file entry.txt (compact mmCIF, N, CA, C and O atoms and all ligand atoms)
# COMPACT_ATOMS: atom_id res chain seq x y z
N MET A 1 0.85 -1.20 0.00
CA MET A 1 0.00 0.00 0.00
C MET A 1 0.87 1.24 0.00
O MET A 1 1.87 1.33 0.70
N CYS A 2 0.51 2.19 -0.79
CA CYS A 2 1.28 3.42 -0.91
C CYS A 2 0.91 4.42 0.18
O CYS A 2 -0.26 4.74 0.35
N SER A 3 1.91 4.88 0.89
CA SER A 3 1.63 5.85 1.95
C SER A 3 2.30 7.18 1.64
O SER A 3 3.43 7.41 1.99
N VAL A 4 1.61 8.02 0.92
CA VAL A 4 2.16 9.29 0.47
C VAL A 4 1.68 10.43 1.35
O VAL A 4 1.35 11.44 0.88
N GLY A 5 1.57 10.27 2.59
CA GLY A 5 1.12 11.39 3.42
C GLY A 5 -0.19 11.06 4.12
O GLY A 5 -1.17 10.74 3.48
N ASP A 6 -0.21 11.17 5.41
CA ASP A 6 -1.39 10.77 6.18
C ASP A 6 -2.50 11.81 6.12
O ASP A 6 -3.66 11.49 6.30
N SER A 7 -2.14 13.05 5.87
CA SER A 7 -3.13 14.12 5.97
C SER A 7 -4.05 14.17 4.76
O SER A 7 -5.02 14.90 4.75
N PHE A 8 -3.73 13.42 3.73
CA PHE A 8 -4.51 13.52 2.50
C PHE A 8 -5.98 13.14 2.71
O PHE A 8 -6.88 13.85 2.31
N GLY A 9 -6.21 12.03 3.36
CA GLY A 9 -7.58 11.59 3.55
C GLY A 9 -8.27 12.26 4.71
O GLY A 9 -9.48 12.36 4.76
N LEU A 10 -7.50 12.77 5.63
CA LEU A 10 -8.09 13.34 6.84
C LEU A 10 -8.75 14.69 6.59
O LEU A 10 -9.62 15.10 7.33
N GLU A 11 -8.34 15.36 5.52
CA GLU A 11 -8.89 16.68 5.29
C GLU A 11 -10.33 16.65 4.83
O GLU A 11 -11.03 17.64 4.86
N LEU A 12 -10.80 15.49 4.42
CA LEU A 12 -12.18 15.38 3.96
C LEU A 12 -13.13 14.97 5.08
O LEU A 12 -14.32 14.84 4.86
N GLU A 13 -12.61 14.81 6.26
CA GLU A 13 -13.45 14.33 7.35
C GLU A 13 -14.14 15.45 8.11
O GLU A 13 -14.37 15.37 9.29
N GLY A 14 -14.43 16.53 7.44
CA GLY A 14 -15.11 17.64 8.10
C GLY A 14 -16.62 17.53 8.01
O GLY A 14 -17.35 18.31 8.59
N GLY A 15 -17.12 16.55 7.25
CA GLY A 15 -18.55 16.41 7.09
C GLY A 15 -19.15 17.42 6.13
O GLY A 15 -20.35 17.60 6.07
N MET A 16 -18.31 18.09 5.37
CA MET A 16 -18.81 19.13 4.49
C MET A 16 -18.68 18.76 3.01
O MET A 16 -18.93 19.56 2.15
N GLU A 17 -18.25 17.55 2.74
CA GLU A 17 -18.12 17.17 1.33
C GLU A 17 -19.50 16.82 0.76
O GLU A 17 -20.33 16.25 1.46
N PRO A 18 -19.75 17.19 -0.48
CA PRO A 18 -21.05 16.91 -1.08
C PRO A 18 -21.24 15.43 -1.36
O PRO A 18 -20.29 14.72 -1.68
N HIS A 19 -22.47 14.98 -1.24
CA HIS A 19 -22.80 13.60 -1.55
C HIS A 19 -23.81 13.56 -2.69
O HIS A 19 -24.55 14.52 -2.88
N GLU A 20 -23.81 12.46 -3.38
CA GLU A 20 -24.74 12.28 -4.49
C GLU A 20 -26.07 11.78 -3.93
O GLU A 20 -26.11 10.83 -3.16
N TYR A 21 -27.14 12.44 -4.33
CA TYR A 21 -28.47 12.03 -3.88
C TYR A 21 -29.36 11.71 -5.07
O TYR A 21 -29.14 12.23 -6.17
N LEU A 22 -30.34 10.89 -4.83
CA LEU A 22 -31.30 10.53 -5.87
C LEU A 22 -32.71 10.72 -5.34
O LEU A 22 -33.05 10.23 -4.26
N CYS A 23 -33.50 11.45 -6.10
CA CYS A 23 -34.87 11.70 -5.69
C CYS A 23 -35.74 10.48 -5.97
O CYS A 23 -35.75 9.97 -7.08
N ASN A 24 -36.43 10.00 -4.96
CA ASN A 24 -37.32 8.85 -5.15
C ASN A 24 -38.61 9.25 -5.85
O ASN A 24 -39.37 8.40 -6.31
N HIS A 25 -38.86 10.53 -5.92
CA HIS A 25 -40.13 11.01 -6.47
C HIS A 25 -40.05 11.18 -7.98
O HIS A 25 -40.90 10.70 -8.71
N CYS A 26 -39.00 11.87 -8.47
CA CYS A 26 -38.91 12.14 -9.90
C CYS A 26 -37.67 11.53 -10.54
O CYS A 26 -37.50 11.58 -11.75
N GLY A 27 -36.77 10.96 -9.73
CA GLY A 27 -35.60 10.30 -10.27
C GLY A 27 -34.43 11.23 -10.56
O GLY A 27 -33.42 10.81 -11.12
N LYS A 28 -34.55 12.48 -10.17
CA LYS A 28 -33.48 13.44 -10.37
C LYS A 28 -32.31 13.14 -9.44
O LYS A 28 -32.49 12.87 -8.26
N SER A 29 -31.08 13.19 -9.98
CA SER A 29 -29.90 13.03 -9.15
C SER A 29 -29.24 14.38 -8.97
O SER A 29 -29.19 15.20 -9.88
N PHE A 30 -28.74 14.62 -7.76
CA PHE A 30 -28.13 15.91 -7.46
C PHE A 30 -27.15 15.74 -6.32
O PHE A 30 -27.14 14.72 -5.63
N LYS A 31 -26.34 16.77 -6.13
CA LYS A 31 -25.38 16.75 -5.03
C LYS A 31 -25.85 17.67 -3.92
O LYS A 31 -26.41 18.73 -4.17
N GLY A 32 -25.60 17.23 -2.69
CA GLY A 32 -26.00 18.05 -1.56
C GLY A 32 -25.08 17.81 -0.38
O GLY A 32 -24.40 16.80 -0.30
N ILE A 33 -25.05 18.77 0.51
CA ILE A 33 -24.22 18.66 1.71
C ILE A 33 -25.11 18.63 2.95
O ILE A 33 -25.99 19.47 3.11
N GLY A 34 -24.87 17.65 3.79
CA GLY A 34 -25.57 17.58 5.05
C GLY A 34 -26.89 16.83 4.94
O GLY A 34 -27.25 16.29 3.90
N ALA A 35 -27.61 16.79 6.06
CA ALA A 35 -28.86 16.06 6.11
C ALA A 35 -30.02 16.95 5.68
O ALA A 35 -29.89 18.16 5.53
N GLY A 36 -31.17 16.30 5.49
CA GLY A 36 -32.37 17.04 5.12
C GLY A 36 -32.31 17.61 3.73
O GLY A 36 -32.70 18.75 3.49
N GLN A 37 -31.82 16.80 2.79
CA GLN A 37 -31.74 17.27 1.41
C GLN A 37 -33.11 17.31 0.76
O GLN A 37 -34.01 16.56 1.10
N ARG A 38 -33.24 18.23 -0.18
CA ARG A 38 -34.49 18.37 -0.91
C ARG A 38 -34.20 18.39 -2.41
O ARG A 38 -33.24 19.00 -2.84
N CYS A 39 -35.02 17.72 -3.18
CA CYS A 39 -34.83 17.65 -4.62
C CYS A 39 -34.96 19.04 -5.24
O CYS A 39 -35.95 19.74 -5.00
N PRO A 40 -33.98 19.46 -6.06
CA PRO A 40 -34.03 20.78 -6.68
C PRO A 40 -35.07 20.87 -7.79
O PRO A 40 -35.42 21.96 -8.22
N LYS A 41 -35.55 19.74 -8.24
CA LYS A 41 -36.49 19.73 -9.36
C LYS A 41 -37.94 19.73 -8.89
O LYS A 41 -38.75 20.55 -9.32
N CYS A 42 -38.28 18.81 -7.99
CA CYS A 42 -39.67 18.69 -7.56
C CYS A 42 -39.84 19.06 -6.09
O CYS A 42 -40.94 19.03 -5.56
N HIS A 43 -38.74 19.41 -5.43
CA HIS A 43 -38.74 19.87 -4.04
C HIS A 43 -39.21 18.82 -3.05
O HIS A 43 -39.61 19.14 -1.92
N SER A 44 -39.17 17.57 -3.46
CA SER A 44 -39.52 16.49 -2.56
C SER A 44 -38.39 16.23 -1.57
O SER A 44 -37.21 16.37 -1.91
N THR A 45 -38.74 15.87 -0.37
CA THR A 45 -37.72 15.51 0.61
C THR A 45 -37.51 13.99 0.64
O THR A 45 -36.76 13.49 1.45
N ASP A 46 -38.20 13.29 -0.25
CA ASP A 46 -38.05 11.84 -0.33
C ASP A 46 -36.86 11.50 -1.21
O ASP A 46 -37.01 11.08 -2.37
N VAL A 47 -35.67 11.72 -0.68
CA VAL A 47 -34.45 11.47 -1.44
C VAL A 47 -33.57 10.50 -0.68
O VAL A 47 -33.69 10.35 0.54
N LYS A 48 -32.66 9.85 -1.40
CA LYS A 48 -31.73 8.93 -0.76
C LYS A 48 -30.33 9.22 -1.24
O LYS A 48 -30.12 9.66 -2.37
N CYS A 49 -29.37 8.95 -0.37
CA CYS A 49 -27.96 9.11 -0.73
C CYS A 49 -27.52 7.90 -1.53
O CYS A 49 -27.79 6.76 -1.14
N THR A 50 -26.88 8.13 -2.65
CA THR A 50 -26.44 7.03 -3.51
C THR A 50 -24.96 6.77 -3.41
O THR A 50 -24.39 6.07 -4.22
N GLU A 51 -24.29 7.32 -2.44
CA GLU A 51 -22.85 7.09 -2.28
C GLU A 51 -22.59 6.27 -1.02
O GLU A 51 -23.31 6.42 -0.06
ZN ZN A 101 -37.51 15.13 -7.39
call {"tool": "encode", "arguments": {"input": "entry.txt", "output": "structure tokens", "more": "lines below"}}
Ligand SMILES: [Zn+2]
result
Amino acid sequence: MCSVGDSFGLELEGGMEPHEYLCNHCGKSFKGIGAGQRCPKCHSTDVKCTE
């Protein structure tokens, strides 16, 4: 395993990186940060994280 610096992966652990979400209502996929995401297309809160 290549160890090119320990801090590389740790910088993303702030909980602020965007995640991919998928709307269960209209099927729109979008990126969002944090909980309580809402679909930008139909404004449904029935979404799931796909990552
Ligand atoms: Zn939607």
call {"tool": "residues_near_ligand", "arguments": {"input": "entry.txt", "ligand": "ligand ZN 101 (chain A)", "cutoff": "12 Å", "atoms": "only C-alpha atoms and all ligand atoms", "output": "list of chain:residue names"}}
result
A:Tyr21, A:Leu22, A:Cys23, A:Asn24, A:His25, A:Cys26, A:Gly27, A:Lys28, A:Ser29, A:Phe30, A:Gln37, A:Arg38, A:Cys39, A:Pro40, A:Lys41, A:Cys42, A:His43, A:Ser44, A:Thr45, A:Asp46, A:Val47, A:Lys48
call {"tool": "residues_near_point", "arguments": {"input": "entry.txt", "point": "(-18.1, 16.5, -5.5)", "cutoff": "9 Å", "atoms": "only C-alpha atoms", "output": "NGL selection string"}}
result
:A and (17-20 or 31-32)
call {"tool": "axis_aligned_box", "arguments": {"input": "entry.txt", "around": "region 32-41 of chain A", "padding_each_side": "8 Å", "output": "lines of an AutoDock Vina configuration file"}}
result
center_x = -31.5
center_y = 19.0
center_z = -1.6
size_x = 30.5
size_y = 21.9
size_z = 31.5
call {"tool": "atom_distance", "arguments": {"input": "entry.txt", "atom1": "CA of Ile33 (chain A)", "atom2": "atom O of Glu51 (chain A)"}}
result
12.4 Å
